[in-house]
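Asker: Data: query07.txt, compact mmCIF, C-alpha atoms.
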# COMPACT_ATOMS: atom_id res chain seq x y z
CA MET A 1 0.00 0.00 0.00
CA THR A 2 2.79 2.38 0.92
CA THR A 3 4.58 1.64 -2.34
CA TYR A 4 1.38 2.30 -4.28
CA ILE A 5 0.90 5.69 -2.59
CA GLN A 6 4.50 6.67 -3.26
CA THR A 7 4.15 5.66 -6.89
CA VAL A 8 0.98 7.70 -7.27
CA GLY A 9 2.68 10.65 -5.62
CA LEU A 10 5.64 10.42 -7.95
CA VAL A 11 3.38 10.20 -11.00
CA HIS A 12 1.37 13.20 -9.78
CA GLU A 13 4.57 15.22 -9.16
CA ALA A 14 5.92 14.27 -12.58
CA SER A 15 2.64 15.34 -14.15
CA ARG A 16 2.77 18.70 -12.36
CA GLU A 17 6.40 19.19 -13.42
CA ALA A 18 5.47 18.41 -17.03
CA GLY A 19 2.64 20.95 -16.78
CA ARG A 20 5.02 23.58 -15.44
CA ARG A 21 7.44 22.91 -18.29
CA ARG A 22 4.62 23.27 -20.82
CA ARG A 23 3.54 26.58 -19.25
CA ARG A 24 7.12 27.88 -19.29
CA ARG A 25 7.49 26.79 -22.92
CA SER A 26 4.22 28.46 -23.92
CA GLU A 27 5.19 31.65 -22.06
CA ALA A 28 8.58 31.65 -23.79
CA LEU A 29 6.93 31.17 -27.17
CA ALA A 30 4.52 34.02 -26.42
CA GLY A 31 7.44 36.25 -25.44
CA TYR A 32 9.33 35.44 -28.61
CA ALA A 33 6.16 36.04 -30.64
CA PHE A 34 5.85 39.54 -29.17
CA LEU A 35 9.58 40.16 -29.74
CA SER A 36 9.57 38.78 -33.28
CA PRO A 37 8.78 42.12 -35.06
CA TRP A 38 11.75 43.74 -33.32
CA LEU A 39 13.99 40.72 -33.91
CA ILE A 40 13.09 40.58 -37.60
CA GLY A 41 13.64 44.32 -37.95
CA PHE A 42 16.97 44.10 -36.14
CA VAL A 43 18.22 41.26 -38.34
CA LEU A 44 17.01 42.77 -41.62
CA LEU A 45 17.60 46.48 -40.97
CA THR A 46 20.56 46.56 -38.56
CA ALA A 47 22.57 43.36 -38.21
CA GLY A 48 22.25 42.36 -41.86
CA PRO A 49 23.37 45.71 -43.33
CA MET A 50 26.20 45.92 -40.80
CA LEU A 51 27.57 42.52 -41.83
CA ALA A 52 27.15 43.44 -45.50
CA SER A 53 29.06 46.71 -45.01
CA LEU A 54 31.80 44.84 -43.16
CA TYR A 55 32.23 42.58 -46.18
CA LEU A 56 32.12 45.53 -48.61
CA ALA A 57 34.86 47.27 -46.62
CA PHE A 58 37.27 44.68 -47.99
CA THR A 59 36.09 45.00 -51.59
CA ASP A 60 36.07 47.35 -54.55
CA TYR A 61 32.38 48.07 -55.10
CA ASP A 62 30.70 50.82 -57.14
CA LEU A 63 27.00 49.92 -56.66
CA PHE A 64 26.66 48.81 -60.29
CA GLY A 65 28.93 45.77 -60.61
CA ALA A 66 29.76 42.84 -58.42
CA PRO A 67 32.12 43.60 -55.51
CA THR A 68 35.74 42.57 -56.01
CA TRP A 69 37.75 41.38 -53.01
CA THR A 70 40.73 43.67 -52.33
CA GLY A 71 41.66 42.76 -48.76
CA LEU A 72 43.01 45.61 -46.63
CA GLU A 73 43.51 47.99 -49.54
CA ASN A 74 40.65 50.31 -48.54
CA PHE A 75 41.93 50.60 -44.97
CA GLN A 76 45.46 51.30 -46.21
CA ARG A 77 44.13 54.12 -48.39
CA LEU A 78 42.69 55.83 -45.32
CA PHE A 79 46.14 56.79 -44.06
CA THR A 80 47.28 58.24 -47.39
CA ASP A 81 44.12 60.19 -48.22
CA PRO A 82 44.65 63.89 -47.33
CA ASN A 83 40.92 64.61 -47.42
CA TYR A 84 40.32 61.78 -44.98
CA LEU A 85 42.79 63.28 -42.54
CA GLN A 86 41.21 66.71 -43.03
CA ALA A 87 37.79 65.19 -42.25
CA TRP A 88 39.13 63.81 -38.96
CA LYS A 89 40.69 67.18 -38.14
CA VAL A 90 37.41 69.03 -38.66
CA THR A 91 35.32 66.42 -36.84
CA GLY A 92 37.77 66.21 -33.94
CA SER A 93 37.76 70.00 -33.52
CA TYR A 94 33.97 70.00 -33.56
CA VAL A 95 33.74 67.26 -30.94
CA LEU A 96 36.38 68.74 -28.63
CA LEU A 97 34.99 72.27 -28.77
CA GLY A 98 31.28 71.83 -29.38
CA THR A 99 30.50 69.14 -26.82
CA PRO A 100 31.98 70.88 -23.72
CA LEU A 101 30.45 74.23 -24.70
CA LYS A 102 27.04 72.64 -25.23
CA LEU A 103 27.15 70.86 -21.88
CA ALA A 104 28.36 74.01 -20.10
CA ALA A 105 25.48 76.04 -21.56
CA ALA A 106 23.00 73.30 -20.69
CA LEU A 107 24.22 73.08 -17.08
CA ALA A 108 24.25 76.87 -16.64
CA VAL A 109 20.67 77.25 -17.87
CA ALA A 110 19.53 74.21 -15.86
CA MET A 111 20.89 75.79 -12.68
CA LEU A 112 19.08 79.04 -13.46
CA LEU A 113 15.82 77.18 -14.07
CA ASN A 114 16.25 75.13 -10.89
CA THR A 115 15.54 78.20 -8.75
CA LYS A 116 12.06 79.11 -7.59
CA ARG A 117 10.79 81.93 -9.75
CA ARG A 118 7.71 82.81 -11.74
CA GLY A 119 7.36 81.52 -15.28
CA ARG A 120 9.72 78.55 -14.83
CA GLY A 121 7.52 76.33 -16.99
CA PHE A 122 7.54 78.82 -19.86
CA TYR A 123 11.31 79.26 -19.74
CA ARG A 124 11.91 75.52 -19.65
CA SER A 125 9.74 75.06 -22.73
CA ALA A 126 11.38 77.99 -24.51
CA PHE A 127 14.91 76.73 -23.90
CA TYR A 128 13.96 73.18 -24.86
CA ALA A 129 12.19 74.18 -28.08
CA PRO A 130 15.34 74.29 -30.32
CA SER A 131 16.09 70.67 -29.44
CA LEU A 132 12.67 69.62 -30.71
CA ILE A 133 13.69 70.79 -34.16
CA GLY A 134 16.88 68.72 -34.02
CA ALA A 135 19.58 68.78 -36.69
CA SER A 136 16.99 69.21 -39.44
CA VAL A 137 17.45 70.54 -42.94
CA SER A 138 15.08 73.45 -42.31
CA ILE A 139 16.99 74.80 -39.31
CA ALA A 140 20.29 74.45 -41.20
CA ILE A 141 18.86 76.54 -44.05
CA VAL A 142 17.69 79.22 -41.62
CA TRP A 143 21.04 79.16 -39.82
CA LYS A 144 22.89 79.57 -43.11
CA ALA A 145 20.69 82.54 -44.04
CA MET A 146 21.54 84.18 -40.71
CA PHE A 147 25.30 84.04 -41.38
CA ILE A 148 25.65 84.80 -45.11
CA ASP A 149 27.06 88.04 -46.49
CA GLY A 150 24.86 90.99 -45.51
CA SER A 151 22.84 89.01 -42.96
CA ILE A 152 21.97 90.22 -39.48
CA VAL A 153 24.87 88.31 -37.89
CA ASP A 154 27.26 89.72 -40.50
CA ARG A 155 26.16 93.28 -39.74
CA ILE A 156 26.49 92.71 -35.99
CA SER A 157 29.97 91.23 -36.52
CA GLN A 158 31.01 94.28 -38.54
CA PHE A 159 29.78 96.53 -35.72
CA PHE A 160 32.32 94.82 -33.45
CA GLY A 161 35.12 95.18 -35.98
CA ALA A 162 34.91 91.93 -37.95
CA GLU A 163 35.56 91.82 -41.69
CA PRO A 164 32.47 91.93 -43.95
CA GLY A 165 31.54 89.02 -46.18
CA GLY A 166 29.60 86.75 -43.86
CA TRP A 167 30.59 83.62 -42.02
CA VAL A 168 29.56 81.03 -44.61
CA GLY A 169 32.31 81.90 -47.08
CA ASP A 170 35.06 82.38 -44.49
CA PRO A 171 37.04 79.17 -43.71
CA THR A 172 37.99 80.53 -40.30
CA ARG A 173 34.38 81.12 -39.22
CA THR A 174 32.35 78.25 -40.71
CA LEU A 175 33.33 75.76 -38.00
CA PRO A 176 32.54 78.23 -35.16
CA MET A 177 29.20 78.84 -36.88
CA LEU A 178 28.37 75.12 -36.74
CA ILE A 179 29.56 74.91 -33.14
CA LEU A 180 27.20 77.77 -32.26
CA LEU A 181 24.39 75.82 -33.90
CA THR A 182 24.97 72.74 -31.75
CA VAL A 183 25.41 74.84 -28.59
CA TRP A 184 22.11 76.58 -29.34
CA GLN A 185 20.37 73.19 -29.30
CA PHE A 186 21.23 72.40 -25.67
CA GLY A 187 17.65 71.63 -24.60
CA ALA A 188 17.94 67.84 -24.26
CA PRO A 189 20.99 67.79 -21.93
CA MET A 190 19.52 70.77 -20.07
CA VAL A 191 16.39 68.77 -19.15
CA ILE A 192 18.55 65.85 -17.97
CA PHE A 193 20.72 68.21 -15.90
CA LEU A 194 17.60 69.76 -14.42
CA ALA A 195 16.31 66.34 -13.36
CA GLY A 196 19.68 65.59 -11.77
CA LEU A 197 19.73 68.88 -9.88
CA LYS A 198 16.31 68.07 -8.42
CA GLN A 199 17.79 64.93 -6.84
CA ILE A 200 20.51 66.77 -4.87
CA PRO A 201 19.38 67.12 -1.22
CA THR A 202 18.92 70.75 -0.20
CA GLU A 203 20.28 69.87 3.25
CA LEU A 204 23.78 69.67 1.75
CA TYR A 205 23.60 73.27 0.52
CA GLU A 206 22.15 74.46 3.82
CA ALA A 207 24.91 72.78 5.81
CA ALA A 208 27.58 74.19 3.49
CA SER A 209 26.11 77.71 3.81
CA MET A 210 26.16 77.44 7.60
CA ASP A 211 29.85 76.50 7.38
CA GLY A 212 30.53 79.65 5.35
CA ALA A 213 30.80 78.11 1.87
CA GLY A 214 30.06 80.53 -0.95
CA PRO A 215 28.30 79.79 -4.26
CA VAL A 216 31.51 78.72 -6.03
CA ARG A 217 32.54 76.29 -3.26
CA ARG A 218 29.02 74.86 -3.09
CA PHE A 219 29.07 74.35 -6.86
CA VAL A 220 32.50 72.70 -6.88
CA ASN A 221 32.15 70.60 -3.73
CA ILE A 222 28.46 69.66 -3.85
CA THR A 223 26.83 70.23 -7.23
CA LEU A 224 29.54 68.79 -9.49
CA PRO A 225 30.23 65.61 -7.44
CA MET A 226 26.54 64.88 -6.91
CA LEU A 227 25.79 65.60 -10.56
CA SER A 228 28.79 63.70 -11.97
CA PRO A 229 26.78 60.60 -13.09
CA VAL A 230 24.43 62.87 -15.05
CA ILE A 231 27.37 64.81 -16.48
CA PHE A 232 28.93 61.54 -17.59
CA PHE A 233 25.68 60.40 -19.22
CA ASN A 234 25.27 63.67 -21.13
CA LEU A 235 28.95 63.73 -22.09
CA LEU A 236 28.73 60.23 -23.52
CA LEU A 237 25.59 60.89 -25.55
CA GLU A 238 26.63 64.29 -26.86
CA THR A 239 30.10 63.04 -27.85
CA ILE A 240 28.60 60.22 -29.90
CA HIS A 241 26.10 62.62 -31.49
CA ALA A 242 28.87 65.08 -32.35
CA PHE A 243 30.70 62.42 -34.36
CA GLN A 244 27.53 61.93 -36.43
CA ILE A 245 26.99 65.52 -37.62
CA PHE A 246 25.91 65.61 -41.25
CA ALA A 247 22.78 67.57 -42.20
CA SER A 248 23.91 71.03 -41.10
CA ALA A 249 27.37 70.63 -42.68
CA PHE A 250 25.83 69.35 -45.91
CA ILE A 251 23.38 72.26 -46.20
CA ILE A 252 25.81 75.01 -45.26
CA SER A 253 28.53 73.79 -47.63
CA ASN A 254 26.12 72.61 -50.37
CA GLY A 255 27.57 69.14 -49.95
CA THR A 256 31.12 70.20 -50.86
CA GLY A 257 32.70 70.48 -47.42
CA GLY A 258 33.95 73.97 -48.28
CA PRO A 259 35.16 76.56 -48.12
CA ALA A 260 38.71 75.15 -48.11
CA GLY A 261 37.59 71.94 -46.40
CA SER A 262 36.48 73.79 -43.26
CA THR A 263 33.17 71.89 -43.11
CA LEU A 264 34.43 68.56 -44.46
CA PHE A 265 33.12 66.49 -41.58
CA TYR A 266 33.75 62.77 -41.49
CA THR A 267 30.18 61.76 -42.32
CA LEU A 268 30.03 64.28 -45.17
CA TYR A 269 33.25 62.93 -46.69
CA LEU A 270 31.92 59.39 -46.27
CA TYR A 271 28.80 60.45 -48.17
CA GLN A 272 30.89 61.98 -50.95
CA ARG A 273 32.96 58.84 -51.37
CA GLY A 274 30.01 56.45 -51.27
CA PHE A 275 27.16 58.27 -53.03
CA VAL A 276 28.94 60.85 -55.20
CA ASP A 277 32.07 58.98 -56.29
CA PHE A 278 30.41 55.55 -55.94
CA GLN A 279 33.39 54.16 -54.04
CA MET A 280 31.13 52.15 -51.77
CA GLY A 281 33.85 49.78 -50.58
CA TYR A 282 36.02 52.69 -49.48
CA ALA A 283 33.01 54.35 -47.81
CA ALA A 284 32.27 51.12 -45.93
CA ALA A 285 35.85 51.04 -44.68
CA MET A 286 35.45 54.64 -43.52
CA ALA A 287 32.23 53.72 -41.71
CA TRP A 288 33.90 50.89 -39.81
CA ALA A 289 36.87 53.09 -38.96
CA LEU A 290 34.39 55.57 -37.46
CA VAL A 291 32.76 52.77 -35.46
CA LEU A 292 36.14 51.77 -34.06
CA VAL A 293 37.07 55.34 -33.13
CA VAL A 294 33.72 56.05 -31.46
CA GLY A 295 33.99 52.74 -29.61
CA ALA A 296 37.50 53.61 -28.43
CA VAL A 297 36.40 57.08 -27.28
CA THR A 298 33.43 55.55 -25.45
CA ALA A 299 35.67 53.01 -23.73
CA LEU A 300 38.07 55.82 -22.75
CA LEU A 301 35.22 57.84 -21.25
CA PHE A 302 34.03 54.83 -19.26
CA ARG A 303 37.54 54.18 -18.00
CA SER A 304 38.10 57.81 -17.02
CA SER A 305 34.74 57.90 -15.21
CA ARG A 306 36.25 55.84 -12.39
CA MET A 307 38.29 58.88 -11.41
CA TRP A 308 35.64 61.61 -11.46
CA VAL A 309 32.15 60.08 -11.40
CA HIS A 310 30.79 59.58 -7.89
CA TYR A 311 27.68 57.56 -7.12
CA SER A 312 25.57 57.72 -4.00
CA GLY A 313 26.88 55.26 -1.42
CA ASP A 314 30.17 54.80 -3.27
CA ALA A 315 33.02 54.26 -0.85
CA ARG A 316 35.69 55.71 -3.11
Let me see the structure of the file written as structure tokens.
Answerer:
Amino acid sequence: MTTYIQTVGLVHEASREAGRRRRRRSEALAGYAFLSPWLIGFVLLTAGPMLASLYLAFTDYDLFGAPTWTGLENFQRLFTDPNYLQAWKVTGSYVLLGTPLKLAAALAVAMLLNTKRRGRGFYRSAFYAPSLIGASVSIAIVWKAMFIDGSIVDRISQFFGAEPGGWVGDPTRTLPMLILLTVWQFGAPMVIFLAGLKQIPTELYEAASMDGAGPVRRFVNITLPMLSPVIFFNLLLETIHAFQIFASAFIISNGTGGPAGSTLFYTLYLYQRGFVDFQMGYAAAMAWALVLVVGAVTALLFRSSRMWVHYSGDAR
């Protein structure tokens, strides 16, 4: 009798375990079914094209004939192409100058908007509005019209002693003009900074004020350390975005990268090689070189964050 009961119990437990396995399998299938549109899109629209471009980077391909395998020839050409080096020079200057200035403007405005004053909602919306437009063609056209010869910015510049002729045709002023454009669109990092500032306990500022700390010391010793994770997040995103600038440079230079190569950004030169000269294999090699550089910069930022990013409860 005891053996019979044990056998029945084992059969019942095995049946329940089989039922649990079937439920887990059905739940997994349902999850994969819901994920399938994204998975199909990722394979067809992201992973597939990336693998295809990796193959094309080692070929000679002009979009019209079959690709011919050339090995590392395209990557070797990168180091002997003067325009390629000029594109890195322009892009590097834009990243190193534009990103810190944009973050500084965003943080400064966020701190102003973090105070209690009337009309805060309106000012937040007004400062965020340029970021809603993004790096669109329309805003690039308007920006170009503001800086051409005889424009309002040109007349203001002449009032302060600058040479006439506008900024668009001057190789020394086209890059600053594009940097001003990206700084003007500081709304997205400003909102993130503002959210981070809201999380800093006011008790820290009150205690520092009672100890005699002024605004500068409170900013350096409280605001920056407490806000460092948010600064790191914004720095990472804006650096990656800066490497991808294209639309504004294309519109302002009419797709040429001029004058004198001053707006020949990396993505614009990649476009010229791939879709103007039909050197698609060389353009694919440029694209993968950009991926490697952005990946290296991202890894460097993550590594450096150990020294200056402080998290709540961190014992460092």
Asker: By how many Å are atom CA of Pro259 of chain A and atom CA of Val183 of chain A apart?
Answerer: 21.9 Å
Asker: In Å, with one decimal, what is the gap from atom CA of Leu270 of chain A to atom CA of Pro176 of chain A?
Answerer: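 It comes out at 21.9 Å.
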Asker: For Gln244 of chain A, list every protein, DNA or RNA residue within 8 Å, evaluated using all atoms listed in the file, and leave out those in the same chain fewer than 3 positions away; present the list as a list of chain:residue names.
Answerer: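 In the requested format, the answer is A:Ile240, A:His241, A:Thr267.
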Asker: When distances are computed from all atoms listed in the file, which of A:Ile179, A:Ala87, A:Ile40, A:Ala105 shows the smallest separation from Gly258 of chain A?
Answerer: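 Between A:Ile179, A:Ala87, A:Ile40, A:Ala105, the residue approaching Gly258 of chain A most closely is A:Ala87.
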Asker: Might you pull out every residue within 10 Å of segment 51-56 of chain A, with all atoms listed in the file counted and same-chain residues fewer than 5 positions away left off, and present them as a list in words?
Answerer: Thr46, Tyr61, Pro67, Thr68, Trp69, Thr70, Gly71, Asn74, Met280, Gly281, Tyr282, Ala283, Ala284, Ala285, Ala287 and Trp288 of chain A
Asker: One number please: atom CA of Tyr266 of chain A to atom CA of Leu237 of chain A, in Å, one decimal.
Answerer: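 The value is 18.0 Å.
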Asker: Measuring between only C-alpha atoms, which one of A:Leu268, A:Val297, A:Val276, A:Leu72 shows the shortest distance to Ser253 of chain A?
Answerer: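 Smallest separation from Ser253 of chain A among the options: A:Leu268.
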Asker: Check which residues of segment 105-175 of chain A sit at most 12 Å from segment 215-232 of chain A using all atoms listed in the file, and return one row each with the closest pair of atoms and their distance in Å to one decimal, ordered by chain and rising number, as a tab-separated table.
Answerer:
residue	atom	partner	partner_atom	distance
A:Ala106	CA	A:Ile231	CA	10.4
A:Leu107	CA	A:Ile231	CA	8.9
A:Ala108	CA	A:Phe219	CA	11.2
A:Ala110	CA	A:Leu227	CA	11.9
A:Met111	CA	A:Thr223	CA	9.8
Asker: Measuring between all atoms listed in the file, which one of A:Ala162, A:Leu96, A:Leu101, A:Ala188 shows the shortest distance to Ser131 of chain A?
Answerer: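 For Ser131 of chain A, the nearest of the given residues is A:Ala188.
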Asker: Of the residues A:Leu236, A:Val309, A:Ile251, A:Leu197, which is the one nearest to Gly295 of chain A, using all atoms listed in the file?
Answerer: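 Among A:Leu236, A:Val309, A:Ile251, A:Leu197, it is A:Leu236 that comes nearest to Gly295 of chain A.
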Asker: Give me, as a PyMOL selection string, all polymer residues having an atom no more than 12 Å from Ala249 of chain A, counting all atoms listed in the file and skipping those fewer than 2 positions away in the same chain.
Answerer: chain A and resi 87+90-91+94+135-137+139-141+143-144+168+174-179+181-182+242+244-247+251-259+261-269+271
Asker: I'd like to know which of A:Glu73, A:Glu206, A:Glu238, A:Asp154 is closest to Trp167 of chain A, using all atoms listed in the file.
Answerer: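 Among the listed residues, A:Asp154 lies closest to Trp167 of chain A.
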